[in-house]
>>> print(open('run_7.txt').read())   # compact mmCIF, C-alpha atoms and all ligand atoms
# COMPACT_ATOMS: atom_id res chain seq x y z
CA VAL Z 1 -5.31 -23.25 -6.00
CA TYR Z 2 -3.66 -20.87 -3.55
CA VAL Z 3 0.12 -21.00 -3.09
CA HIS Z 4 1.73 -19.17 -0.18
CA VAL Z 5 5.22 -17.76 -0.68
CA PRO Z 6 6.24 -16.51 2.76
CA PHE Z 7 9.33 -14.40 2.06
CA CYS Z 8 9.54 -10.67 2.74
CA ALA Z 9 12.51 -8.31 2.81
CA ARG Z 10 11.35 -6.94 6.17
CA ARG Z 11 8.17 -6.99 8.24
CA CYS Z 12 5.77 -4.09 7.66
CA SER Z 13 4.82 -2.27 10.84
CA TYR Z 14 1.22 -3.54 10.85
CA CYS Z 15 1.73 -7.08 9.51
CA ASP Z 16 1.00 -10.25 11.46
CA PHE Z 17 0.89 -12.63 8.47
CA SER Z 18 2.78 -15.89 8.44
CA ILE Z 19 5.98 -14.75 6.76
CA ALA Z 20 9.71 -15.45 6.76
CA VAL Z 21 11.94 -12.38 6.68
CA ARG Z 22 14.96 -13.12 4.46
CA ARG Z 23 17.54 -10.82 2.95
CA GLU Z 24 18.15 -13.44 0.24
CA THR Z 25 15.19 -15.50 -0.92
CA PRO Z 26 15.96 -19.25 -0.74
CA VAL Z 27 14.40 -19.96 -4.13
CA ASP Z 28 15.87 -23.46 -4.67
CA GLU Z 29 14.97 -24.67 -1.18
CA PHE Z 30 11.42 -23.31 -1.48
CA ILE Z 31 10.66 -24.76 -4.91
CA SER Z 32 12.08 -28.11 -3.93
CA ALA Z 33 9.82 -28.09 -0.81
CA ILE Z 34 6.80 -27.22 -2.97
CA HIS Z 35 7.73 -30.12 -5.22
CA ASP Z 36 7.87 -32.42 -2.18
CA GLU Z 37 4.51 -31.18 -0.90
CA LEU Z 38 2.87 -31.85 -4.26
CA ALA Z 39 4.34 -35.36 -4.31
CA ILE Z 40 2.82 -36.03 -0.86
CA ARG Z 41 -0.53 -34.46 -1.67
CA PHE Z 42 -0.74 -36.45 -4.98
CA PRO Z 43 0.67 -39.81 -3.96
CA HIS Z 44 -0.57 -41.68 -7.03
CA GLY Z 45 0.45 -39.13 -9.58
CA ASP Z 46 -3.12 -37.83 -9.81
CA ARG Z 47 -3.70 -34.23 -10.83
CA TRP Z 48 -6.02 -31.39 -9.95
CA ASN Z 49 -7.91 -29.23 -12.41
CA ALA Z 50 -8.00 -25.57 -11.47
CA ASP Z 51 -9.71 -22.48 -12.90
CA THR Z 52 -7.60 -20.06 -10.90
CA LEU Z 53 -4.13 -20.03 -9.39
CA TYR Z 54 -3.26 -17.36 -6.86
CA VAL Z 55 0.36 -16.98 -5.76
CA GLY Z 56 0.19 -14.87 -2.61
CA GLY Z 57 2.32 -14.10 0.40
CA GLY Z 58 4.46 -12.84 1.89
CA THR Z 59 5.97 -11.39 -1.24
CA PRO Z 60 5.96 -13.93 -4.10
CA SER Z 61 7.62 -11.43 -6.45
CA ARG Z 62 10.77 -11.92 -4.31
CA LEU Z 63 11.20 -15.16 -6.26
CA GLY Z 64 12.16 -12.99 -9.26
CA GLY Z 65 11.46 -13.81 -12.90
CA GLU Z 66 13.16 -17.19 -13.08
CA GLY Z 67 11.92 -18.25 -9.62
CA VAL Z 68 8.28 -17.61 -10.53
CA ARG Z 69 8.76 -19.46 -13.82
CA ARG Z 70 10.17 -22.47 -11.97
CA LEU Z 71 7.44 -22.34 -9.32
CA LEU Z 72 4.67 -22.33 -11.94
CA GLY Z 73 6.46 -25.10 -13.85
CA THR Z 74 6.56 -27.24 -10.69
CA LEU Z 75 2.92 -26.53 -9.86
CA THR Z 76 1.65 -27.34 -13.33
CA GLU Z 77 3.28 -30.78 -13.22
CA ARG Z 78 0.37 -31.66 -10.90
CA ILE Z 79 -2.18 -28.93 -11.45
CA VAL Z 80 -3.95 -28.64 -14.78
CA LEU Z 81 -4.95 -25.05 -15.41
CA GLY Z 82 -7.99 -24.36 -17.61
CA ALA Z 83 -7.33 -22.63 -20.94
CA ASP Z 84 -8.65 -19.31 -19.60
CA ALA Z 85 -7.36 -19.75 -16.04
CA GLU Z 86 -6.76 -16.61 -13.98
CA VAL Z 87 -3.17 -16.73 -12.73
CA THR Z 88 -2.43 -14.02 -10.16
CA LEU Z 89 0.91 -13.05 -8.65
CA GLU Z 90 1.21 -10.68 -5.70
CA ALA Z 91 4.06 -8.26 -6.20
CA ASN Z 92 5.93 -5.65 -4.25
CA PRO Z 93 6.70 -2.58 -6.42
CA ASP Z 94 10.43 -3.02 -5.70
CA ASP Z 95 10.50 -6.37 -7.48
CA VAL Z 96 8.72 -5.23 -10.64
CA THR Z 97 11.48 -4.81 -13.22
CA ALA Z 98 10.97 -5.08 -16.99
CA GLU Z 99 12.92 -8.33 -16.95
CA HIS Z 100 10.90 -9.91 -14.13
CA ALA Z 101 7.57 -8.77 -15.58
CA ALA Z 102 8.43 -10.24 -18.98
CA ALA Z 103 9.40 -13.55 -17.34
CA TRP Z 104 6.15 -13.61 -15.35
CA VAL Z 105 4.13 -13.15 -18.54
CA ARG Z 106 6.08 -15.93 -20.26
CA ALA Z 107 5.45 -18.17 -17.24
CA GLY Z 108 1.67 -17.70 -17.60
CA VAL Z 109 0.93 -14.97 -15.05
CA ASN Z 110 -1.94 -12.87 -16.39
CA ARG Z 111 -2.93 -10.85 -13.32
CA VAL Z 112 -0.67 -8.98 -10.88
CA SER Z 113 -1.76 -7.56 -7.57
CA VAL Z 114 0.60 -4.77 -6.51
CA GLY Z 115 1.01 -3.89 -2.83
CA VAL Z 116 1.02 -0.09 -3.15
CA GLN Z 117 -0.73 0.83 0.16
CA SER Z 118 -0.18 4.61 -0.20
CA PHE Z 119 1.40 7.16 -2.52
CA ASP Z 120 2.77 9.21 0.37
CA ASP Z 121 6.47 8.48 1.02
CA ARG Z 122 6.21 9.60 4.64
CA VAL Z 123 3.36 7.15 5.22
CA LEU Z 124 5.16 4.34 3.38
CA ALA Z 125 8.21 4.84 5.62
CA TRP Z 126 5.95 4.70 8.71
CA MET Z 127 4.53 1.41 7.40
CA HIS Z 128 8.09 0.06 6.98
CA ARG Z 129 7.36 -0.54 3.31
CA THR Z 130 10.51 -0.91 1.22
CA HIS Z 131 9.20 1.06 -1.81
CA ASP Z 132 8.33 4.71 -2.38
CA ALA Z 133 5.49 6.25 -4.39
CA ALA Z 134 7.56 6.77 -7.54
CA ARG Z 135 8.48 3.08 -7.51
CA ALA Z 136 4.81 2.08 -7.12
CA ILE Z 137 3.76 4.23 -10.07
CA ALA Z 138 6.62 2.92 -12.22
CA SER Z 139 5.76 -0.70 -11.32
CA VAL Z 140 2.23 -0.46 -12.73
CA ARG Z 141 3.56 1.06 -15.97
CA THR Z 142 6.20 -1.68 -16.24
CA LEU Z 143 3.55 -4.38 -15.81
CA ARG Z 144 1.40 -2.81 -18.52
CA ASP Z 145 4.38 -2.54 -20.88
CA ALA Z 146 5.14 -6.21 -20.30
CA GLY Z 147 1.61 -7.15 -21.36
CA ILE Z 148 -0.14 -7.70 -18.01
CA THR Z 149 -3.67 -6.61 -18.89
CA ASN Z 150 -5.18 -7.22 -15.45
CA VAL Z 151 -3.56 -5.15 -12.69
CA SER Z 152 -4.86 -4.78 -9.16
CA VAL Z 153 -3.66 -2.23 -6.61
CA ASP Z 154 -3.85 -2.67 -2.82
CA LEU Z 155 -4.37 0.36 -0.58
CA ILE Z 156 -4.59 0.64 3.20
CA PHE Z 157 -6.95 3.11 4.84
CA ALA Z 158 -7.81 4.24 8.37
CA LEU Z 159 -4.25 5.12 9.38
CA PRO Z 160 -3.62 6.93 12.67
CA ALA Z 161 -4.93 10.50 12.41
CA ALA Z 162 -1.58 11.93 13.58
CA LEU Z 163 -0.03 10.84 10.27
CA GLU Z 164 -2.36 13.28 8.45
CA ARG Z 165 -2.56 10.98 5.48
CA ASP Z 166 -4.60 12.44 2.62
CA TRP Z 167 -6.84 9.51 1.71
CA ALA Z 168 -8.65 11.31 -1.13
CA ARG Z 169 -5.31 12.14 -2.72
CA ASP Z 170 -4.21 8.49 -2.52
CA LEU Z 171 -7.47 7.29 -4.08
CA ASP Z 172 -7.02 9.76 -6.94
CA ALA Z 173 -3.40 8.69 -7.40
CA ALA Z 174 -4.54 5.06 -7.64
CA LEU Z 175 -7.24 5.95 -10.18
CA ALA Z 176 -4.69 7.87 -12.25
CA LEU Z 177 -2.85 4.57 -12.81
CA GLU Z 178 -6.02 3.14 -14.40
CA PRO Z 179 -5.89 -0.23 -12.62
CA ASP Z 180 -8.46 -2.92 -13.36
CA HIS Z 181 -9.07 -3.67 -9.73
CA ILE Z 182 -8.50 -2.06 -6.32
CA SER Z 183 -8.49 -3.84 -2.94
CA LEU Z 184 -8.80 -1.83 0.27
CA TYR Z 185 -7.67 -2.90 3.71
CA GLY Z 186 -8.63 -1.06 6.87
CA LEU Z 187 -5.62 -0.93 9.20
CA THR Z 188 -6.06 -3.17 12.22
CA VAL Z 189 -3.80 -3.03 15.24
CA GLU Z 190 -2.53 -6.55 15.91
CA PRO Z 191 -0.53 -7.46 19.01
CA HIS Z 192 3.06 -8.65 18.38
CA THR Z 193 3.56 -6.19 15.52
CA PRO Z 194 5.57 -2.95 15.72
CA LEU Z 195 2.27 -1.06 15.40
CA GLY Z 196 0.76 -3.08 18.25
CA ARG Z 197 3.72 -2.13 20.45
CA TRP Z 198 3.54 1.56 19.45
CA VAL Z 199 -0.14 1.64 20.43
CA GLU Z 200 0.56 -0.21 23.68
CA ARG Z 201 3.27 2.29 24.60
CA GLY Z 202 1.02 5.22 23.67
CA VAL Z 203 3.37 6.37 20.88
CA THR Z 204 0.58 5.86 18.33
CA THR Z 205 -3.17 6.09 18.66
CA ALA Z 206 -5.41 3.83 16.60
CA PRO Z 207 -7.85 5.80 14.42
CA ALA Z 208 -11.39 6.48 15.62
CA GLU Z 209 -14.21 4.38 14.18
CA SER Z 210 -15.68 7.53 12.63
CA GLN Z 211 -12.50 8.00 10.57
CA TYR Z 212 -12.65 4.37 9.37
CA GLU Z 213 -16.27 4.87 8.31
CA ALA Z 214 -15.65 8.20 6.59
CA GLU Z 215 -12.67 6.86 4.60
CA TYR Z 216 -14.50 3.67 3.62
CA LEU Z 217 -17.52 5.60 2.38
CA LEU Z 218 -15.32 8.12 0.57
CA ALA Z 219 -13.58 5.25 -1.26
CA HIS Z 220 -16.96 3.77 -2.23
CA ALA Z 221 -18.15 7.11 -3.64
CA ARG Z 222 -14.90 7.96 -5.42
CA LEU Z 223 -14.24 4.56 -6.96
CA THR Z 224 -17.81 3.78 -8.04
CA SER Z 225 -18.14 7.18 -9.68
CA ALA Z 226 -14.93 6.37 -11.59
CA GLY Z 227 -16.62 3.25 -13.04
CA PHE Z 228 -15.55 0.59 -10.53
CA GLU Z 229 -18.04 -1.92 -9.17
CA HIS Z 230 -17.92 -2.35 -5.40
CA TYR Z 231 -18.50 -6.09 -5.69
CA GLU Z 232 -17.26 -7.24 -2.28
CA VAL Z 233 -16.78 -5.52 1.06
CA SER Z 234 -13.08 -4.77 0.36
CA ASN Z 235 -12.87 -5.07 -3.41
CA PHE Z 236 -13.61 -2.93 -6.43
CA GLY Z 237 -13.29 -4.00 -10.05
CA ARG Z 238 -13.94 -2.57 -13.45
CA PRO Z 239 -16.82 -4.49 -15.10
CA GLY Z 240 -15.64 -8.05 -15.81
CA ARG Z 241 -12.51 -7.61 -13.65
CA ALA Z 242 -13.68 -8.98 -10.30
CA SER Z 243 -11.12 -11.42 -8.88
CA ARG Z 244 -12.24 -14.88 -10.00
CA HIS Z 245 -9.98 -16.54 -7.46
CA ASN Z 246 -11.32 -14.67 -4.45
CA ALA Z 247 -14.89 -15.19 -5.69
CA CYS Z 248 -14.40 -18.90 -5.15
CA TYR Z 249 -13.75 -18.32 -1.41
CA TRP Z 250 -16.96 -16.30 -1.10
CA ASP Z 251 -18.99 -18.81 -3.16
CA GLY Z 252 -17.87 -21.75 -1.01
CA ALA Z 253 -16.11 -23.47 -3.95
CA PRO Z 254 -13.36 -25.99 -3.11
CA TYR Z 255 -9.76 -24.81 -3.25
CA ALA Z 256 -6.37 -26.26 -2.46
CA GLY Z 257 -3.75 -24.47 -0.38
CA ILE Z 258 -0.09 -25.27 -1.04
CA GLY Z 259 2.90 -23.88 0.82
CA PRO Z 260 3.53 -22.83 4.44
CA ALA Z 261 0.41 -21.80 6.41
CA ALA Z 262 -1.79 -22.20 3.32
CA HIS Z 263 -5.42 -23.15 3.91
CA GLY Z 264 -7.49 -25.47 1.70
CA TYR Z 265 -11.16 -26.48 1.59
CA ASP Z 266 -12.59 -29.49 -0.20
CA GLY Z 267 -16.27 -28.60 0.20
CA GLU Z 268 -16.61 -30.47 3.52
CA SER Z 269 -13.47 -29.92 5.52
CA ARG Z 270 -10.69 -27.42 5.86
CA ARG Z 271 -6.99 -28.13 6.27
CA TRP Z 272 -4.11 -25.80 6.94
CA ASN Z 273 -0.38 -26.24 6.67
CA ALA Z 274 2.33 -25.64 9.24
CA ALA Z 275 4.20 -22.31 9.22
CA TYR Z 276 7.44 -22.04 7.26
CA ALA Z 277 10.01 -23.57 9.65
CA SER Z 278 7.87 -26.64 10.50
CA TRP Z 279 6.60 -26.91 6.94
CA THR Z 280 10.15 -27.34 5.60
CA THR Z 281 11.13 -29.73 8.40
CA LEU Z 282 8.07 -31.94 7.90
CA LEU Z 283 8.64 -32.09 4.16
CA ARG Z 284 12.33 -32.86 4.61
CA ASN Z 285 11.22 -35.87 6.68
CA GLY Z 286 8.76 -36.99 4.01
CA ALA Z 287 5.71 -36.03 6.12
CA ASP Z 288 2.50 -34.21 5.14
CA PRO Z 289 3.03 -30.58 6.30
CA VAL Z 290 -0.57 -30.34 7.56
CA ALA Z 291 -0.95 -28.51 10.90
CA GLY Z 292 -4.69 -28.86 11.39
CA HIS Z 293 -7.89 -30.19 9.94
CA GLU Z 294 -11.52 -29.40 10.65
CA VAL Z 295 -14.67 -31.05 9.34
CA LEU Z 296 -17.43 -28.48 8.94
CA SER Z 297 -20.90 -29.40 10.23
CA ASP Z 298 -23.99 -28.51 8.20
CA GLU Z 299 -24.60 -25.72 10.71
CA ASN Z 300 -21.03 -24.36 10.29
CA ARG Z 301 -21.51 -24.34 6.55
CA ALA Z 302 -24.88 -22.58 6.78
CA VAL Z 303 -23.38 -19.85 8.99
CA GLU Z 304 -20.41 -19.42 6.65
CA ARG Z 305 -22.67 -19.29 3.61
CA VAL Z 306 -24.55 -16.32 5.09
CA TYR Z 307 -21.41 -14.51 6.26
CA LEU Z 308 -19.53 -15.00 2.98
CA GLY Z 309 -22.60 -14.18 0.89
CA LEU Z 310 -23.11 -10.92 2.78
CA ARG Z 311 -19.55 -9.90 1.92
CA THR Z 312 -20.52 -9.82 -1.75
CA ARG Z 313 -22.80 -7.79 -3.95
CA ALA Z 314 -24.74 -11.01 -4.71
CA GLY Z 315 -25.82 -11.16 -1.04
CA ALA Z 316 -27.09 -14.17 0.91
CA SER Z 317 -30.32 -16.18 0.89
CA LEU Z 318 -32.11 -16.02 4.23
CA ALA Z 319 -34.55 -18.25 6.03
CA PRO Z 320 -37.91 -16.52 6.82
CA ARG Z 321 -36.97 -15.84 10.43
CA GLN Z 322 -33.66 -14.28 9.39
CA ALA Z 323 -35.43 -12.13 6.77
CA GLN Z 324 -37.74 -10.86 9.49
CA ARG Z 325 -34.71 -9.89 11.61
CA ALA Z 326 -33.14 -8.06 8.65
CA ALA Z 327 -36.21 -5.95 7.88
CA THR Z 328 -35.13 -3.14 10.22
CA TRP Z 329 -31.71 -2.98 8.52
CA VAL Z 330 -33.43 -2.16 5.24
CA ASP Z 331 -35.16 0.78 6.97
CA ALA Z 332 -31.79 1.91 8.36
CA GLY Z 333 -30.24 1.94 4.86
CA TRP Z 334 -27.84 -0.89 5.66
CA ALA Z 335 -29.33 -3.50 3.34
CA SER Z 336 -31.84 -4.36 0.66
CA LEU Z 337 -34.00 -7.45 0.60
CA ALA Z 338 -35.04 -8.89 -2.78
CA ASP Z 339 -38.06 -11.23 -3.02
CA GLY Z 340 -38.22 -11.18 0.76
CA ALA Z 341 -35.27 -13.58 1.02
CA ARG Z 342 -32.04 -12.33 -0.61
CA LEU Z 343 -30.23 -9.84 1.56
CA THR Z 344 -27.59 -7.55 0.12
CA LEU Z 345 -25.67 -5.10 2.28
CA SER Z 346 -25.07 -1.47 1.31
CA PRO Z 347 -21.65 0.13 2.03
CA GLU Z 348 -23.13 1.36 5.34
CA GLY Z 349 -24.17 -2.25 6.03
CA TRP Z 350 -20.72 -3.58 5.12
CA LEU Z 351 -19.31 -1.31 7.85
CA ARG Z 352 -21.39 -3.45 10.26
CA LEU Z 353 -20.82 -6.78 8.50
CA ASP Z 354 -19.66 -8.81 11.51
CA GLU Z 355 -22.42 -7.51 13.76
CA LEU Z 356 -25.19 -8.14 11.17
CA ALA Z 357 -23.91 -11.58 10.20
CA ALA Z 358 -23.72 -12.51 13.90
CA ALA Z 359 -27.33 -11.37 14.45
CA LEU Z 360 -28.47 -13.63 11.58
CA THR Z 361 -26.49 -16.53 12.99
CA VAL Z 362 -28.35 -16.19 16.30
CA CYS Z 363 -31.67 -16.30 14.36
CA GLU Z 364 -30.48 -19.41 12.53
CA ALA Z 365 -29.54 -21.11 15.81
CA HIS Z 366 -32.95 -20.34 17.30
CA SER Z 367 -35.04 -21.22 14.27
S1 LIG Z 401 4.99 -7.20 2.36
FE1 LIG Z 401 2.94 -7.95 2.96
S2 LIG Z 401 3.31 -9.95 3.90
FE2 LIG Z 401 5.31 -8.91 3.79
S3 LIG Z 401 5.54 -7.91 5.79
FE3 LIG Z 401 4.60 -6.39 4.42
S4 LIG Z 401 2.36 -6.65 4.69
FE4 LIG Z 401 3.37 -8.47 5.57
>>> encode(input="run_7.txt", output="structure tokens")
Amino acid sequence: VYVHVPFCARRCSYCDFSIAVRRETPVDEFISAIHDELAIRFPHGDRWNADTLYVGGGTPSRLGGEGVRRLLGTLTERIVLGADAEVTLEANPDDVTAEHAAAWVRAGVNRVSVGVQSFDDRVLAWMHRTHDAARAIASVRTLRDAGITNVSVDLIFALPAALERDWARDLDAALALEPDHISLYGLTVEPHTPLGRWVERGVTTAPAESQYEAEYLLAHARLTSAGFEHYEVSNFGRPGRASRHNACYWDGAPYAGIGPAAHGYDGESRRWNAAYASWTTLLRNGADPVAGHEVLSDENRAVERVYLGLRTRAGASLAPRQAQRAATWVDAGWASLADGARLTLSPEGWLRLDELAAALTVCEAHS
């Protein structure tokens, strides 16, 4: 189950997520709307069983200690979590206090993903992040002290060259915190964000592709030599610490999405909810907050299976014609092909993921 908590203190310069900027987080209103959504989605009091719960955003840690406890209490009235369920909360370093962290542990959170992004205060200010490096470092220690044994750190790479960000230094600073998991995001310039406007006005220049590649490959080398497994295009985990929740997206397992703009997939079709303002209005009127619905054809599912499989270290199973197409990628060092049918991309291949997956899709369509 994925739950989207849309609130953020301010919008980061690069962010185009579906969020609601609020100085004060409307905790009561939000939890009551989640309660209403669950009542609509489970009209006969039925319940879902879930192996993983991921509370993402936005900034779910803005709900505080008590707010997260109440949210999880509301969710588990309808969602039965397995005994060893992975329960992840995304947190901004600013919200990680000893009191909040202790409340999150008591509420059942056992994994926290911290949005660190960089350990360079100048860079964090450019990103419009609300925290500084000292706060990020302290937040991981506070989580550990509270008993969170599974901590993930998010970092952003490929920042504009003019910022002169020292990527190697940031990777080493992240490793020094001894996290269990690290997620990397390459900066993308989206229109309608402050960054998009800076680039449009020529105030900022997007980084060259060569910089993106160099930083990605440096992260692969640095993190794998420190004992992390590069198990998915953007994710690294210590052995046994891969994100179980995200693995279900890549494996094509069904998941429910609750909250504004959340997406769900039942194995055959996808549904997505309205963004925050409409989501609350629809629920206030007793209506399902769904904004769209799409039934996937067998062909859609086959294409997705290949694309999602290629994102992971497990790779994707190919039809003979696709395997033939991929043979040259093995020679180029972008992939390996096991038993002539299971294709796994190397880090150099992951840099070309979209292009390679698209080439296989064309093969599939013509086969
Ligand atoms: S904290 Fe995350 S969701 Fe919120 S504005 Fe920043 S990047 Fe976007």
>>> residues_near_point(input="run_7.txt", point="(-17.1, 0.5, -7.7)", cutoff="6 Å", atoms="only C-alpha atoms", output="mmCIF file with C-alpha atoms, in the frame of the given file")
data_model
loop_
_atom_site.group_PDB
_atom_site.id
_atom_site.type_symbol
_atom_site.label_atom_id
_atom_site.label_comp_id
_atom_site.auth_asym_id
_atom_site.auth_seq_id
_atom_site.Cartn_x
_atom_site.Cartn_y
_atom_site.Cartn_z
ATOM 1 C CA LEU Z 223 -14.240 4.560 -6.960
ATOM 2 C CA THR Z 224 -17.810 3.780 -8.040
ATOM 3 C CA PHE Z 228 -15.550 0.590 -10.530
ATOM 4 C CA GLU Z 229 -18.040 -1.920 -9.170
ATOM 5 C CA HIS Z 230 -17.920 -2.350 -5.400
ATOM 6 C CA PHE Z 236 -13.610 -2.930 -6.430
#
>>> atom_distance(input="run_7.txt", atom1="atom CA of Leu159 of chain Z", atom2="atom CA of Arg111 of chain Z")
27.8 Å
>>> residues_around(input="run_7.txt", residues="Gln324 of chain Z", least_positions_apart="2", cutoff="12 Å", atoms="only C-alpha atoms", output="list in words")
Leu318, Ala319, Pro320, Arg321, Gln322, Ala326, Ala327, Thr328, Trp329, Val330, Leu337, Gly340, Ala341, Arg342, Leu343, Ala359, Leu360, Cys363, Glu364 and Ser367 of chain Z
>>> atom_distance(input="run_7.txt", atom1="atom S2 of ligand LIG 401 (chain Z)", atom2="atom CA of Val55 of chain Z")
12.3 Å
>>> closest_residue(input="run_7.txt", among="Z:Gly73, Z:Gly309, Z:Pro207, Z:Pro254", to="Ala162 of chain Z", atoms="only C-alpha atoms")
Z:Pro207
>>> closest_atom_pairs(input="run_7.txt", of="chain Z", to="ligand LIG 401 (chain Z)", cutoff="8 Å", atoms="all atoms listed in the file", output="Markdown table")
| residue | atom | partner | partner_atom | distance |
| --- | --- | --- | --- | --- |
| Z:Pro6 | CA | Z:LIG401 | S2 | 7.3 |
| Z:Phe7 | CA | Z:LIG401 | FE2 | 7.0 |
| Z:Cys8 | CA | Z:LIG401 | FE2 | 4.7 |
| Z:Ala9 | CA | Z:LIG401 | FE2 | 7.3 |
| Z:Arg10 | CA | Z:LIG401 | S3 | 5.9 |
| Z:Arg11 | CA | Z:LIG401 | S3 | 3.7 |
| Z:Cys12 | CA | Z:LIG401 | FE3 | 4.1 |
| Z:Ser13 | CA | Z:LIG401 | S3 | 7.6 |
| Z:Tyr14 | CA | Z:LIG401 | S4 | 7.0 |
| Z:Cys15 | CA | Z:LIG401 | FE4 | 4.5 |
| Z:Asp16 | CA | Z:LIG401 | FE4 | 6.6 |
| Z:Phe17 | CA | Z:LIG401 | FE4 | 5.6 |
| Z:Ser18 | CA | Z:LIG401 | S2 | 7.5 |
| Z:Ile19 | CA | Z:LIG401 | S2 | 6.2 |
| Z:Val21 | CA | Z:LIG401 | S3 | 7.9 |
| Z:Gly57 | CA | Z:LIG401 | S2 | 5.5 |
| Z:Gly58 | CA | Z:LIG401 | S2 | 3.7 |
| Z:Thr59 | CA | Z:LIG401 | S1 | 5.6 |
| Z:Asn92 | CA | Z:LIG401 | S1 | 6.9 |
| Z:Gly115 | CA | Z:LIG401 | FE1 | 7.3 |
| Z:His128 | CA | Z:LIG401 | FE3 | 7.8 |
| Z:Arg129 | CA | Z:LIG401 | FE3 | 6.6 |
>>> residues_near_point(input="run_7.txt", point="(-13.9, 0.9, 5.8)", cutoff="9 Å", atoms="only C-alpha atoms", output="ChimeraX atom specification")
/Z:157-158,184-186,211-217,219,233-234,347,350-351
>>> atom_distance(input="run_7.txt", atom1="atom CA of Trp48 of chain Z", atom2="atom CA of Val112 of chain Z")
23.1 Å
>>> closest_residue(input="run_7.txt", among="Z:Asp120, Z:Gly147, Z:Ser317, Z:His181", to="Arg169 of chain Z", atoms="all atoms listed in the file")
Z:Asp120
>>> residues_around(input="run_7.txt", residues="Glu304 of chain Z", least_positions_apart="4", cutoff="12 Å", atoms="only C-alpha atoms", output="VMD selection string")
chain Z and resid 249 to 252 267 296 to 300 308 to 311 316 to 317 354 357 to 358 360 to 361 364
>>> closest_residue(input="run_7.txt", among="Z:Glu90, Z:Val109, Z:Ile34, Z:Gly82", to="Pro60 of chain Z", atoms="all atoms listed in the file")
Z:Glu90
>>> closest_residue(input="run_7.txt", among="Z:Tyr2, Z:Phe119, Z:Trp279, Z:Trp104", to="Val153 of chain Z", atoms="all atoms listed in the file")
Z:Phe119
>>> residues_around(input="run_7.txt", residues="Gly259 of chain Z", least_positions_apart="4", cutoff="8 Å", atoms="all atoms listed in the file", output="short mmCIF file (atom, residue, chain, number, x, y, z; two decimals) with C-alpha atoms, in the frame of the given file")
data_model
loop_
_atom_site.label_atom_id
_atom_site.label_comp_id
_atom_site.auth_asym_id
_atom_site.auth_seq_id
_atom_site.Cartn_x
_atom_site.Cartn_y
_atom_site.Cartn_z
CA VAL Z 3 0.12 -21.00 -3.09
CA HIS Z 4 1.73 -19.17 -0.18
CA VAL Z 5 5.22 -17.76 -0.68
CA ILE Z 34 6.80 -27.22 -2.97
CA GLU Z 37 4.51 -31.18 -0.90
CA ASN Z 273 -0.38 -26.24 6.67
CA TRP Z 279 6.60 -26.91 6.94
#
>>> residues_around(input="run_7.txt", residues="Phe42 of chain Z", least_positions_apart="6", cutoff="12 Å", atoms="all atoms listed in the file", output="PyMOL selection string")
chain Z and resi 35-36+48+75+77-79+256+258+288
>>> write_last_selection(input="run_7.txt", atoms="C-alpha atoms", output="PDB file, in the coordinates of the input")
ATOM      1  CA  HIS Z  35       7.730 -30.120  -5.220  1.00  0.00           C
ATOM      2  CA  ASP Z  36       7.870 -32.420  -2.180  1.00  0.00           C
ATOM      3  CA  TRP Z  48      -6.020 -31.390  -9.950  1.00  0.00           C
ATOM      4  CA  LEU Z  75       2.920 -26.530  -9.860  1.00  0.00           C
ATOM      5  CA  GLU Z  77       3.280 -30.780 -13.220  1.00  0.00           C
ATOM      6  CA  ARG Z  78       0.370 -31.660 -10.900  1.00  0.00           C
ATOM      7  CA  ILE Z  79      -2.180 -28.930 -11.450  1.00  0.00           C
ATOM      8  CA  ALA Z 256      -6.370 -26.260  -2.460  1.00  0.00           C
ATOM      9  CA  ILE Z 258      -0.090 -25.270  -1.040  1.00  0.00           C
ATOM     10  CA  ASP Z 288       2.500 -34.210   5.140  1.00  0.00           C
TER      11      ASP Z 288
END
>>> closest_residue(input="run_7.txt", among="Z:Val203, Z:Val295, Z:Leu89, Z:Leu155", to="Ser183 of chain Z", atoms="all atoms listed in the file")
Z:Leu155
